[in-house]
Amino acid sequence: MNIKSVLAASTAVMLAGPVMAEPTVEVLHWWTSGSEAQSVAVLQEQFKAEGGTWTDMPVAGGGGDAAMTALRARVLSGNAPTAVQLKGPAIQEWYEETGLADISAVAEENNWADVLPAQIAEHMKCEGQWCAAPVNVHRVNWLWGNKQILDDNGIEMPTTWDEFNAAAEKLQAAGITPLAHGGQSWQDATIFETVVLGLGGPEFFQKALIDLDPEALNSDTMKQVFDEMRIIRGYVDDNFSGRDWNLATAMVMNGEAAFQIMGDWAKGEFLAAGKEPGTDFVCAQTPGTGFLYNVDSFAFFELDGEEKQQGQALLAKLIMGPEFQKTFNLNKGSIPARTDIALDDFDSCAVESNKAMTAGAQNGSLLPSFAHGMALRGAQAGAITDVVTAHFNSDMSSDDAVQQLVDAVANSM
Ligand code: BGC
C-alpha cells in the first residue's frame, strides 16, 4: 500500500467514527417448505435491514429431527451456530449441557414478561433467566379437509373419532384416499397425540404424555388409542412411507385426498398456494377438545466475538418485535406468541385457534404437544415415538403396543 492509500484508508475510518461490530448470525433452522421459507425470509430481511449479516443454515426435514442431529454434530465439533431453532424442554436440556446465552437484557428492555402468556414465557427461561425467544403458537390438533371433496360426498367435518371413521369409510367406498399422511415417525406421533387427546380427553393426555403415569400408559384407553391408530393406518394411500408433510398437504389441496391431520403449519402451505379457508379448504379441531400447543423459538449459544453477541441480541429483539410477529405468523399459519397483536388480518382458522387457546388456558386443556417436543425431554419423547411408529408400520396388536409403551417409557427414565 502506498502512503496515499494508507492516508485515504485512515481518513475513511475517521469519518466513519468508532468501528462498531456488525451484527452477525448463523441461523440453524428447519424451515424449508414453501411457506416456512417465506416466513423465515421475513426475519432474514429485517435482520439485514438493521445492518446485520445473516448466514442461513437450513436443514430439511419436517419436525426438526434432522436439524437437531445437525445441531449436535456442530456443537460436538466445537462449532456451534450463533442461533438455533429450539423449543420445549430441549431448551433447558441444551442449557444444562452447554449453557445458552442470557438474553434477559433484551427481554427486560422490551417487556417480554408483559406481552407473553405465562405458560409460554416459562418455556423461554433457564434457571430464571431468559434463554430463548418465541416466534409463534402453532396448534397441533387440527384436521384439514378438501372442501369440494367433502361437499361432493355429503361429509361434515367429524367431531368424534367414530364420525371420522365413518366419513373415511364413505370416502374409501367412493374411491377417494381419506387421509393424506407422510410416514415419518414425527408425523405418526402427531396423529397419535391427537387421538390420545380425542379419546382420552385433556386429563388423560396430561397423565399419559406429560406425567408419564404408568397407569395411564397401561390403560384400556391407551389400548383404544392404538386400535384407532390401526384403523387410521387403513385410510392412508400405499405411497405414504417417508412422504414429507407438505406433500401430504398438497394432496389435500389438489383433491388427491380428503383430510390431513397436521398442525397449522399446513395452513401456511394452503395460504401460500392462494387457497382460502372455508372456500377451498376447511379447518376443524381433530375430534375431541383441547389445544395442543407447539411454540417455535430460538436460542443462542454462548459465543465469543462482539459481532456474534450483537447479532444474537438483535435477532432476539426482532423475533419479539410486533411487526415481525404479525407478518411472520400470517405466512406461517400460526398465531403470534405476543398477546398484544391484533388478529384483524388473520384468517378464520387463526381466530378460532386464538379462541381455543384462551379457553384452554382457562379450563386446563391448553397442553404442550408431545410430538413436537414441548412436553417431554428427548429420551422420553423418542421412546414413545419409536413405539408409535413401530405399531403403525406393522401388524403389532394394541395389547403389545401398550406393553411396549410401558416398557419403553420405564427404560427411558
Ligand atoms: C415446527 C413448525 C414446522 C413443522 C414442520 C414443527 O415441529 O414447530 O414450525 O413448520 O415442524 O416442519
# chains A, B, ... in the order shown; residues from 1 in each chain; ligands from 1
call {"tool": "residues_around", "arguments": {"residues": "segment 288-291 of chain A", "least_positions_apart": "2", "cutoff": "9 Å", "atoms": "only C-alpha atoms", "output": "list of chain:residue names"}}
result
A:Arg139, A:Val140, A:Asn141, A:Thr159, A:Thr160, A:Trp161, A:Thr194, A:Val195, A:Leu197, A:Gly198, A:Leu199, A:Gly200, A:Gly201, A:Pro202, A:Gln285, A:Thr286, A:Tyr293, A:Ser353, A:Ala356, A:Met357, A:Ala359, A:Gly360, A:Ala361, A:Gly364, A:Ser365, A:Leu366, A:Leu367, A:Pro368, A:Ser369
call {"tool": "write_last_selection", "arguments": {"atoms": "N, CA, C and O atoms", "output": "mmCIF file, in the first residue's frame"}}
result
data_model
loop_
_atom_site.group_PDB
_atom_site.id
_atom_site.type_symbol
_atom_site.label_atom_id
_atom_site.label_comp_id
_atom_site.auth_asym_id
_atom_site.auth_seq_id
_atom_site.Cartn_x
_atom_site.Cartn_y
_atom_site.Cartn_z
ATOM 1 N N ARG A 139 -50.980 -24.575 16.698
ATOM 2 C CA ARG A 139 -51.856 -25.577 17.297
ATOM 3 C C ARG A 139 -51.646 -26.874 16.518
ATOM 4 O O ARG A 139 -51.651 -26.863 15.280
ATOM 5 N N VAL A 140 -51.464 -27.959 17.246
ATOM 6 C CA VAL A 140 -51.170 -29.227 16.566
ATOM 7 C C VAL A 140 -52.447 -29.977 16.191
ATOM 8 O O VAL A 140 -52.537 -30.561 15.108
ATOM 9 N N ASN A 141 -53.443 -29.954 17.075
ATOM 10 C CA ASN A 141 -54.616 -30.825 16.839
ATOM 11 C C ASN A 141 -55.629 -30.213 15.874
ATOM 12 O O ASN A 141 -56.719 -29.817 16.244
ATOM 13 N N THR A 159 -66.680 -34.717 14.428
ATOM 14 C CA THR A 159 -66.373 -34.221 15.778
ATOM 15 C C THR A 159 -66.045 -35.354 16.752
ATOM 16 O O THR A 159 -65.720 -35.103 17.910
ATOM 17 N N THR A 160 -66.210 -36.601 16.293
ATOM 18 C CA THR A 160 -65.763 -37.739 17.115
ATOM 19 C C THR A 160 -64.918 -38.643 16.210
ATOM 20 O O THR A 160 -65.000 -38.548 14.975
ATOM 21 N N TRP A 161 -64.147 -39.528 16.817
ATOM 22 C CA TRP A 161 -63.328 -40.434 16.004
ATOM 23 C C TRP A 161 -64.220 -41.433 15.271
ATOM 24 O O TRP A 161 -63.893 -41.859 14.164
ATOM 25 N N THR A 194 -53.056 -36.604 18.805
ATOM 26 C CA THR A 194 -54.411 -36.058 18.652
ATOM 27 C C THR A 194 -55.450 -37.123 19.015
ATOM 28 O O THR A 194 -56.514 -36.804 19.535
ATOM 29 N N VAL A 195 -55.115 -38.393 18.765
ATOM 30 C CA VAL A 195 -56.041 -39.474 19.140
ATOM 31 C C VAL A 195 -56.051 -39.640 20.664
ATOM 32 O O VAL A 195 -57.111 -39.837 21.275
ATOM 33 N N LEU A 197 -55.562 -37.313 22.830
ATOM 34 C CA LEU A 197 -56.359 -36.194 23.358
ATOM 35 C C LEU A 197 -57.847 -36.422 23.091
ATOM 36 O O LEU A 197 -58.689 -36.214 23.965
ATOM 37 N N GLY A 198 -58.166 -36.871 21.881
ATOM 38 C CA GLY A 198 -59.563 -37.015 21.489
ATOM 39 C C GLY A 198 -60.281 -38.129 22.229
ATOM 40 O O GLY A 198 -61.404 -37.956 22.693
ATOM 41 N N LEU A 199 -59.616 -39.265 22.354
ATOM 42 C CA LEU A 199 -60.280 -40.406 23.009
ATOM 43 C C LEU A 199 -60.161 -40.333 24.525
ATOM 44 O O LEU A 199 -61.059 -40.757 25.246
ATOM 45 N N GLY A 200 -59.039 -39.824 25.001
ATOM 46 C CA GLY A 200 -58.822 -39.824 26.451
ATOM 47 C C GLY A 200 -59.244 -38.534 27.130
ATOM 48 O O GLY A 200 -59.527 -38.531 28.323
ATOM 49 N N GLY A 201 -59.256 -37.425 26.382
ATOM 50 C CA GLY A 201 -59.557 -36.123 26.984
ATOM 51 C C GLY A 201 -58.299 -35.486 27.562
ATOM 52 O O GLY A 201 -57.270 -36.162 27.727
ATOM 53 N N PRO A 202 -58.375 -34.191 27.865
ATOM 54 C CA PRO A 202 -57.200 -33.445 28.341
ATOM 55 C C PRO A 202 -56.543 -34.037 29.596
ATOM 56 O O PRO A 202 -55.319 -34.073 29.696
ATOM 57 N N GLN A 285 -60.883 -28.604 14.731
ATOM 58 C CA GLN A 285 -60.019 -29.322 15.667
ATOM 59 C C GLN A 285 -60.206 -30.824 15.419
ATOM 60 O O GLN A 285 -61.288 -31.252 15.011
ATOM 61 N N THR A 286 -59.170 -31.586 15.631
ATOM 62 C CA THR A 286 -59.324 -33.031 15.500
ATOM 63 C C THR A 286 -60.378 -33.454 16.522
ATOM 64 O O THR A 286 -60.551 -32.773 17.538
ATOM 65 N N TYR A 293 -50.361 -27.211 22.112
ATOM 66 C CA TYR A 293 -49.561 -26.098 21.591
ATOM 67 C C TYR A 293 -48.129 -26.501 21.267
ATOM 68 O O TYR A 293 -47.555 -27.397 21.869
ATOM 69 N N SER A 353 -58.202 -20.553 16.457
ATOM 70 C CA SER A 353 -57.078 -21.059 17.249
ATOM 71 C C SER A 353 -56.886 -20.198 18.501
ATOM 72 O O SER A 353 -56.715 -20.709 19.616
ATOM 73 N N ALA A 356 -59.608 -20.882 21.018
ATOM 74 C CA ALA A 356 -59.418 -22.176 21.687
ATOM 75 C C ALA A 356 -58.268 -22.106 22.682
ATOM 76 O O ALA A 356 -58.319 -22.733 23.748
ATOM 77 N N MET A 357 -57.249 -21.331 22.342
ATOM 78 C CA MET A 357 -56.102 -21.224 23.257
ATOM 79 C C MET A 357 -56.524 -20.508 24.540
ATOM 80 O O MET A 357 -56.177 -20.938 25.648
ATOM 81 N N ALA A 359 -59.559 -20.292 25.760
ATOM 82 C CA ALA A 359 -60.458 -21.178 26.507
ATOM 83 C C ALA A 359 -59.643 -22.267 27.198
ATOM 84 O O ALA A 359 -59.863 -22.591 28.372
ATOM 85 N N GLY A 360 -58.683 -22.817 26.473
ATOM 86 C CA GLY A 360 -57.858 -23.901 27.025
ATOM 87 C C GLY A 360 -57.081 -23.465 28.255
ATOM 88 O O GLY A 360 -56.930 -24.222 29.218
ATOM 89 N N ALA A 361 -56.590 -22.216 28.213
ATOM 90 C CA ALA A 361 -55.820 -21.707 29.353
ATOM 91 C C ALA A 361 -56.726 -21.584 30.573
ATOM 92 O O ALA A 361 -56.282 -21.717 31.716
ATOM 93 N N GLY A 364 -57.962 -25.584 31.599
ATOM 94 C CA GLY A 364 -56.950 -26.619 31.835
ATOM 95 C C GLY A 364 -56.715 -27.545 30.649
ATOM 96 O O GLY A 364 -56.095 -28.598 30.785
ATOM 97 N N SER A 365 -57.195 -27.162 29.464
ATOM 98 C CA SER A 365 -56.970 -28.051 28.308
ATOM 99 C C SER A 365 -55.942 -27.475 27.327
ATOM 100 O O SER A 365 -55.846 -27.907 26.190
ATOM 101 N N LEU A 366 -55.165 -26.501 27.798
ATOM 102 C CA LEU A 366 -54.055 -25.980 26.991
ATOM 103 C C LEU A 366 -52.828 -26.807 27.352
ATOM 104 O O LEU A 366 -52.270 -26.679 28.434
ATOM 105 N N LEU A 367 -52.444 -27.691 26.431
ATOM 106 C CA LEU A 367 -51.442 -28.706 26.763
ATOM 107 C C LEU A 367 -50.279 -28.688 25.781
ATOM 108 O O LEU A 367 -50.480 -28.470 24.575
ATOM 109 N N PRO A 368 -49.077 -28.949 26.276
ATOM 110 C CA PRO A 368 -47.918 -28.964 25.377
ATOM 111 C C PRO A 368 -47.917 -30.207 24.487
ATOM 112 O O PRO A 368 -48.259 -31.299 24.933
ATOM 113 N N SER A 369 -47.551 -30.008 23.237
ATOM 114 C CA SER A 369 -47.502 -31.131 22.294
ATOM 115 C C SER A 369 -46.324 -32.054 22.621
ATOM 116 O O SER A 369 -45.187 -31.595 22.738
#
call {"tool": "residues_near_ligand", "arguments": {"ligand": "ligand 1", "cutoff": "8 Å", "atoms": "only C-alpha atoms and all ligand atoms", "output": "VMD selection string"}}
result
chain A and resid 30 to 33 36 61 to 64 138 245 263 265 to 266 294 to 296 332 371 to 373
call {"tool": "write_last_selection", "arguments": {"atoms": "N, CA, C and O atoms", "output": "PDB file, in the first residue's frame"}}
result
ATOM      1  N   TRP A  30     -35.170 -25.442  10.521  1.00  0.00           N
ATOM      2  CA  TRP A  30     -35.647 -26.472   9.597  1.00  0.00           C
ATOM      3  C   TRP A  30     -36.840 -26.003   8.773  1.00  0.00           C
ATOM      4  O   TRP A  30     -37.688 -26.775   8.373  1.00  0.00           O
ATOM      5  N   TRP A  31     -36.859 -24.717   8.498  1.00  0.00           N
ATOM      6  CA  TRP A  31     -37.985 -24.179   7.735  1.00  0.00           C
ATOM      7  C   TRP A  31     -37.659 -24.154   6.240  1.00  0.00           C
ATOM      8  O   TRP A  31     -37.111 -23.165   5.742  1.00  0.00           O
ATOM      9  N   THR A  32     -37.990 -25.233   5.570  1.00  0.00           N
ATOM     10  CA  THR A  32     -37.596 -25.361   4.165  1.00  0.00           C
ATOM     11  C   THR A  32     -38.764 -25.565   3.201  1.00  0.00           C
ATOM     12  O   THR A  32     -38.563 -25.578   2.003  1.00  0.00           O
ATOM     13  N   SER A  33     -39.981 -25.762   3.717  1.00  0.00           N
ATOM     14  CA  SER A  33     -41.115 -25.872   2.789  1.00  0.00           C
ATOM     15  C   SER A  33     -41.394 -24.469   2.245  1.00  0.00           C
ATOM     16  O   SER A  33     -40.842 -23.484   2.746  1.00  0.00           O
ATOM     17  N   GLU A  36     -42.782 -22.122   4.931  1.00  0.00           N
ATOM     18  CA  GLU A  36     -41.794 -21.959   6.010  1.00  0.00           C
ATOM     19  C   GLU A  36     -40.658 -21.033   5.560  1.00  0.00           C
ATOM     20  O   GLU A  36     -40.249 -20.135   6.299  1.00  0.00           O
ATOM     21  N   GLY A  61     -36.262 -31.285   6.615  1.00  0.00           N
ATOM     22  CA  GLY A  61     -36.811 -32.374   7.415  1.00  0.00           C
ATOM     23  C   GLY A  61     -37.843 -31.836   8.388  1.00  0.00           C
ATOM     24  O   GLY A  61     -37.474 -31.178   9.363  1.00  0.00           O
ATOM     25  N   GLY A  62     -39.112 -32.084   8.081  1.00  0.00           N
ATOM     26  CA  GLY A  62     -40.199 -31.592   8.921  1.00  0.00           C
ATOM     27  C   GLY A  62     -40.045 -32.071  10.359  1.00  0.00           C
ATOM     28  O   GLY A  62     -39.473 -33.130  10.621  1.00  0.00           O
ATOM     29  N   GLY A  63     -40.536 -31.253  11.286  1.00  0.00           N
ATOM     30  CA  GLY A  63     -40.497 -31.650  12.692  1.00  0.00           C
ATOM     31  C   GLY A  63     -39.140 -31.422  13.331  1.00  0.00           C
ATOM     32  O   GLY A  63     -39.016 -31.432  14.550  1.00  0.00           O
ATOM     33  N   GLY A  64     -38.088 -31.265  12.522  1.00  0.00           N
ATOM     34  CA  GLY A  64     -36.799 -30.852  13.063  1.00  0.00           C
ATOM     35  C   GLY A  64     -35.844 -31.942  13.515  1.00  0.00           C
ATOM     36  O   GLY A  64     -34.778 -31.637  14.044  1.00  0.00           O
ATOM     37  N   HIS A 138     -48.202 -22.499  17.422  1.00  0.00           N
ATOM     38  CA  HIS A 138     -48.873 -23.405  16.487  1.00  0.00           C
ATOM     39  C   HIS A 138     -49.820 -24.285  17.285  1.00  0.00           C
ATOM     40  O   HIS A 138     -49.488 -24.725  18.394  1.00  0.00           O
ATOM     41  N   TRP A 245     -44.444 -33.865   4.986  1.00  0.00           N
ATOM     42  CA  TRP A 245     -45.761 -33.374   5.427  1.00  0.00           C
ATOM     43  C   TRP A 245     -46.392 -32.419   4.424  1.00  0.00           C
ATOM     44  O   TRP A 245     -47.602 -32.430   4.221  1.00  0.00           O
ATOM     45  N   GLY A 263     -50.499 -29.990  12.301  1.00  0.00           N
ATOM     46  CA  GLY A 263     -50.519 -28.671  12.930  1.00  0.00           C
ATOM     47  C   GLY A 263     -50.756 -27.587  11.884  1.00  0.00           C
ATOM     48  O   GLY A 263     -50.680 -27.838  10.673  1.00  0.00           O
ATOM     49  N   TRP A 265     -49.067 -25.338  10.609  1.00  0.00           N
ATOM     50  CA  TRP A 265     -48.093 -25.014   9.574  1.00  0.00           C
ATOM     51  C   TRP A 265     -48.628 -25.513   8.220  1.00  0.00           C
ATOM     52  O   TRP A 265     -48.278 -24.961   7.174  1.00  0.00           O
ATOM     53  N   ALA A 266     -49.523 -26.515   8.250  1.00  0.00           N
ATOM     54  CA  ALA A 266     -50.158 -26.962   6.999  1.00  0.00           C
ATOM     55  C   ALA A 266     -50.976 -25.831   6.385  1.00  0.00           C
ATOM     56  O   ALA A 266     -51.024 -25.673   5.158  1.00  0.00           O
ATOM     57  N   ASN A 294     -47.617 -25.802  20.279  1.00  0.00           N
ATOM     58  CA  ASN A 294     -46.265 -26.023  19.798  1.00  0.00           C
ATOM     59  C   ASN A 294     -45.682 -24.648  19.495  1.00  0.00           C
ATOM     60  O   ASN A 294     -46.085 -24.006  18.536  1.00  0.00           O
ATOM     61  N   VAL A 295     -44.795 -24.202  20.348  1.00  0.00           N
ATOM     62  CA  VAL A 295     -44.252 -22.845  20.232  1.00  0.00           C
ATOM     63  C   VAL A 295     -42.848 -22.910  19.632  1.00  0.00           C
ATOM     64  O   VAL A 295     -41.944 -23.494  20.229  1.00  0.00           O
ATOM     65  N   ASP A 296     -42.677 -22.316  18.459  1.00  0.00           N
ATOM     66  CA  ASP A 296     -41.332 -22.250  17.877  1.00  0.00           C
ATOM     67  C   ASP A 296     -40.556 -21.130  18.550  1.00  0.00           C
ATOM     68  O   ASP A 296     -41.090 -20.051  18.808  1.00  0.00           O
ATOM     69  N   LYS A 332     -46.916 -18.140   8.310  1.00  0.00           N
ATOM     70  CA  LYS A 332     -46.554 -19.439   8.891  1.00  0.00           C
ATOM     71  C   LYS A 332     -47.754 -20.304   9.232  1.00  0.00           C
ATOM     72  O   LYS A 332     -47.642 -21.512   9.395  1.00  0.00           O
ATOM     73  N   ALA A 371     -45.566 -34.628  20.514  1.00  0.00           N
ATOM     74  CA  ALA A 371     -44.951 -34.965  19.221  1.00  0.00           C
ATOM     75  C   ALA A 371     -44.018 -33.864  18.723  1.00  0.00           C
ATOM     76  O   ALA A 371     -43.112 -34.117  17.942  1.00  0.00           O
ATOM     77  N   HIS A 372     -44.236 -32.633  19.188  1.00  0.00           N
ATOM     78  CA  HIS A 372     -43.411 -31.521  18.723  1.00  0.00           C
ATOM     79  C   HIS A 372     -42.494 -30.985  19.807  1.00  0.00           C
ATOM     80  O   HIS A 372     -42.157 -29.795  19.851  1.00  0.00           O
ATOM     81  N   GLY A 373     -42.115 -31.907  20.688  1.00  0.00           N
ATOM     82  CA  GLY A 373     -41.045 -31.581  21.633  1.00  0.00           C
ATOM     83  C   GLY A 373     -41.367 -30.512  22.641  1.00  0.00           C
ATOM     84  O   GLY A 373     -40.467 -29.823  23.109  1.00  0.00           O
TER      85      GLY A 373
END
call {"tool": "atom_distance", "arguments": {"atom1": "atom CA of Pro336 of chain A", "atom2": "atom CA of Leu179 of chain A"}}
result
28.9 Å
call {"tool": "residues_around", "arguments": {"residues": "Gln310 of chain A", "least_positions_apart": "6", "cutoff": "9 Å", "atoms": "only C-alpha atoms", "output": "MDAnalysis selection string"}}
result
chainID A and resid 21:25
call {"tool": "write_last_selection", "arguments": {"atoms": "C-alpha atoms", "output": "short mmCIF file (atom, residue, chain, number, x, y, z; two decimals), in the first residue's frame"}}
result
data_model
loop_
_atom_site.label_atom_id
_atom_site.label_comp_id
_atom_site.auth_asym_id
_atom_site.auth_seq_id
_atom_site.Cartn_x
_atom_site.Cartn_y
_atom_site.Cartn_z
CA ALA A 21 -19.03 -4.60 15.20
CA GLU A 22 -21.54 -5.60 12.55
CA PRO A 23 -24.24 -7.90 13.94
CA THR A 24 -23.69 -11.35 12.52
CA VAL A 25 -25.69 -14.54 12.88
#
call {"tool": "closest_residue", "arguments": {"among": "A:Ala350, A:Ala67, A:Val75, A:Leu212", "to": "Trp142 of chain A", "atoms": "only C-alpha atoms"}}
result
A:Ala350
call {"tool": "closest_residue", "arguments": {"among": "A:Ala381, A:Ser394, A:Glu215, A:Val351", "to": "Ala90 of chain A", "atoms": "only C-alpha atoms"}}
result
A:Ala381
call {"tool": "closest_residue", "arguments": {"among": "A:Val137, A:Ala313, A:Leu100, A:Leu76", "to": "Lys326 of chain A", "atoms": "only C-alpha atoms"}}
result
A:Val137
call {"tool": "residues_around", "arguments": {"residues": "Glu156 of chain A", "least_positions_apart": "2", "cutoff": "12 Å", "atoms": "only C-alpha atoms", "output": "list in words"}}
result
Leu143, Trp144, Gly145, Asn146, Lys147, Gln148, Ile149, Leu150, Asp151, Asp152, Asn153, Gly154, Pro158, Thr159, Thr160, Glu163, Phe164, Ala166, Ala167, Ala168, Lys170, Ala258, Phe259, Val282, Cys283 and Ala284 of chain A
call {"tool": "closest_residue", "arguments": {"among": "A:Gly234, A:Gly378, A:Gly274, A:Pro322", "to": "Asn165 of chain A", "atoms": "only C-alpha atoms"}}
result
A:Gly234
call {"tool": "atom_distance", "arguments": {"atom1": "atom CA of Ala248 of chain A", "atom2": "atom CA of Ser348 of chain A"}}
result
22.1 Å
call {"tool": "residues_around", "arguments": {"residues": "Asp304 of chain A", "least_positions_apart": "5", "cutoff": "12 Å", "atoms": "only C-alpha atoms", "output": "ChimeraX atom specification"}}
result
/A:24,79-82,101,309-312
call {"tool": "closest_residue", "arguments": {"among": "A:Asp280, A:Asp399, A:Asp407, A:Glu203", "to": "Ser219 of chain A", "atoms": "only C-alpha atoms"}}
result
A:Asp399
call {"tool": "closest_residue", "arguments": {"among": "A:Val59, A:Ser398, A:Gln85, A:Arg72", "to": "Phe298 of chain A", "atoms": "only C-alpha atoms"}}
result
A:Gln85
call {"tool": "select_by_dssp", "arguments": {"residues": "segment 176-412 of chain A", "states": "strand (DSSP E)", "output": "PyMOL selection string"}}
result
chain A and resi 177-179+257-261+281-285+291-294+297-300+335-336+366-368
call {"tool": "select_by_dssp", "arguments": {"residues": "segment 269-344 of chain A", "states": "alpha helix (DSSP H)", "output": "PDB file with N, CA and C atoms, in the first residue's frame"}}
result
ATOM      1  N   GLU A 269     -49.112 -23.644   4.104  1.00  0.00           N
ATOM      2  CA  GLU A 269     -48.976 -24.156   2.724  1.00  0.00           C
ATOM      3  C   GLU A 269     -50.222 -23.859   1.898  1.00  0.00           C
ATOM      4  N   PHE A 270     -51.407 -24.074   2.495  1.00  0.00           N
ATOM      5  CA  PHE A 270     -52.647 -23.753   1.775  1.00  0.00           C
ATOM      6  C   PHE A 270     -52.641 -22.277   1.371  1.00  0.00           C
ATOM      7  N   LEU A 271     -52.314 -21.419   2.332  1.00  0.00           N
ATOM      8  CA  LEU A 271     -52.376 -19.977   2.071  1.00  0.00           C
ATOM      9  C   LEU A 271     -51.338 -19.568   1.023  1.00  0.00           C
ATOM     10  N   ALA A 272     -50.137 -20.150   1.119  1.00  0.00           N
ATOM     11  CA  ALA A 272     -49.090 -19.807   0.148  1.00  0.00           C
ATOM     12  C   ALA A 272     -49.513 -20.189  -1.267  1.00  0.00           C
ATOM     13  N   GLU A 306     -17.750  -9.921  19.456  1.00  0.00           N
ATOM     14  CA  GLU A 306     -18.757  -8.876  19.648  1.00  0.00           C
ATOM     15  C   GLU A 306     -19.824  -8.917  18.565  1.00  0.00           C
ATOM     16  N   GLU A 307     -19.392  -9.200  17.326  1.00  0.00           N
ATOM     17  CA  GLU A 307     -20.363  -9.170  16.222  1.00  0.00           C
ATOM     18  C   GLU A 307     -21.401 -10.279  16.389  1.00  0.00           C
ATOM     19  N   LYS A 308     -20.963 -11.413  16.943  1.00  0.00           N
ATOM     20  CA  LYS A 308     -21.909 -12.516  17.166  1.00  0.00           C
ATOM     21  C   LYS A 308     -22.874 -12.161  18.300  1.00  0.00           C
ATOM     22  N   GLN A 309     -22.329 -11.605  19.362  1.00  0.00           N
ATOM     23  CA  GLN A 309     -23.194 -11.255  20.503  1.00  0.00           C
ATOM     24  C   GLN A 309     -24.191 -10.168  20.119  1.00  0.00           C
ATOM     25  N   GLN A 310     -23.723  -9.218  19.310  1.00  0.00           N
ATOM     26  CA  GLN A 310     -24.665  -8.189  18.840  1.00  0.00           C
ATOM     27  C   GLN A 310     -25.713  -8.795  17.915  1.00  0.00           C
ATOM     28  N   GLY A 311     -25.279  -9.753  17.120  1.00  0.00           N
ATOM     29  CA  GLY A 311     -26.214 -10.441  16.215  1.00  0.00           C
ATOM     30  C   GLY A 311     -27.284 -11.176  17.010  1.00  0.00           C
ATOM     31  N   GLN A 312     -26.875 -11.815  18.080  1.00  0.00           N
ATOM     32  CA  GLN A 312     -27.838 -12.556  18.917  1.00  0.00           C
ATOM     33  C   GLN A 312     -28.848 -11.604  19.549  1.00  0.00           C
ATOM     34  N   ALA A 313     -28.337 -10.495  20.069  1.00  0.00           N
ATOM     35  CA  ALA A 313     -29.240  -9.531  20.728  1.00  0.00           C
ATOM     36  C   ALA A 313     -30.215  -8.937  19.713  1.00  0.00           C
ATOM     37  N   LEU A 314     -29.705  -8.619  18.534  1.00  0.00           N
ATOM     38  CA  LEU A 314     -30.584  -8.035  17.509  1.00  0.00           C
ATOM     39  C   LEU A 314     -31.641  -9.043  17.071  1.00  0.00           C
ATOM     40  N   LEU A 315     -31.211 -10.279  16.877  1.00  0.00           N
ATOM     41  CA  LEU A 315     -32.161 -11.306  16.426  1.00  0.00           C
ATOM     42  C   LEU A 315     -33.257 -11.526  17.473  1.00  0.00           C
ATOM     43  N   ALA A 316     -32.848 -11.602  18.734  1.00  0.00           N
ATOM     44  CA  ALA A 316     -33.827 -11.809  19.806  1.00  0.00           C
ATOM     45  C   ALA A 316     -34.831 -10.661  19.829  1.00  0.00           C
ATOM     46  N   LYS A 317     -34.332  -9.458  19.661  1.00  0.00           N
ATOM     47  CA  LYS A 317     -35.214  -8.290  19.688  1.00  0.00           C
ATOM     48  C   LYS A 317     -36.192  -8.328  18.510  1.00  0.00           C
ATOM     49  N   LEU A 318     -35.675  -8.629  17.333  1.00  0.00           N
ATOM     50  CA  LEU A 318     -36.547  -8.645  16.144  1.00  0.00           C
ATOM     51  C   LEU A 318     -37.625  -9.729  16.249  1.00  0.00           C
ATOM     52  N   ILE A 319     -37.232 -10.896  16.757  1.00  0.00           N
ATOM     53  CA  ILE A 319     -38.166 -12.021  16.863  1.00  0.00           C
ATOM     54  C   ILE A 319     -39.405 -11.642  17.666  1.00  0.00           C
ATOM     55  N   PRO A 322     -43.308  -6.533  17.397  1.00  0.00           N
ATOM     56  CA  PRO A 322     -44.710  -6.677  16.997  1.00  0.00           C
ATOM     57  C   PRO A 322     -44.889  -6.846  15.486  1.00  0.00           C
ATOM     58  N   GLU A 323     -44.134  -6.098  14.708  1.00  0.00           N
ATOM     59  CA  GLU A 323     -44.305  -6.154  13.254  1.00  0.00           C
ATOM     60  C   GLU A 323     -43.912  -7.539  12.718  1.00  0.00           C
ATOM     61  N   PHE A 324     -42.776  -8.022  13.214  1.00  0.00           N
ATOM     62  CA  PHE A 324     -42.334  -9.350  12.780  1.00  0.00           C
ATOM     63  C   PHE A 324     -43.341 -10.424  13.192  1.00  0.00           C
ATOM     64  N   GLN A 325     -43.804 -10.351  14.435  1.00  0.00           N
ATOM     65  CA  GLN A 325     -44.726 -11.393  14.929  1.00  0.00           C
ATOM     66  C   GLN A 325     -45.979 -11.455  14.057  1.00  0.00           C
ATOM     67  N   LYS A 326     -46.403 -10.324  13.569  1.00  0.00           N
ATOM     68  CA  LYS A 326     -47.601 -10.325  12.727  1.00  0.00           C
ATOM     69  C   LYS A 326     -47.292 -10.916  11.338  1.00  0.00           C
ATOM     70  N   THR A 327     -46.319 -10.333  10.648  1.00  0.00           N
ATOM     71  CA  THR A 327     -46.039 -10.766   9.280  1.00  0.00           C
ATOM     72  C   THR A 327     -45.617 -12.228   9.227  1.00  0.00           C
ATOM     73  N   PHE A 328     -44.757 -12.597  10.145  1.00  0.00           N
ATOM     74  CA  PHE A 328     -44.270 -13.980  10.162  1.00  0.00           C
ATOM     75  C   PHE A 328     -45.442 -14.948  10.302  1.00  0.00           C
ATOM     76  N   ASN A 329     -46.305 -14.676  11.275  1.00  0.00           N
ATOM     77  CA  ASN A 329     -47.371 -15.633  11.567  1.00  0.00           C
ATOM     78  C   ASN A 329     -48.463 -15.651  10.508  1.00  0.00           C
ATOM     79  N   LEU A 330     -48.639 -14.542   9.792  1.00  0.00           N
ATOM     80  CA  LEU A 330     -49.582 -14.569   8.660  1.00  0.00           C
ATOM     81  C   LEU A 330     -49.101 -15.579   7.615  1.00  0.00           C
ATOM     82  N   ASN A 331     -47.793 -15.673   7.460  1.00  0.00           N
ATOM     83  CA  ASN A 331     -47.237 -16.629   6.483  1.00  0.00           C
ATOM     84  C   ASN A 331     -47.170 -18.044   7.030  1.00  0.00           C
ATOM     85  N   LYS A 332     -46.916 -18.140   8.310  1.00  0.00           N
ATOM     86  CA  LYS A 332     -46.554 -19.439   8.891  1.00  0.00           C
ATOM     87  C   LYS A 332     -47.754 -20.304   9.232  1.00  0.00           C
TER      88      LYS A 332
END
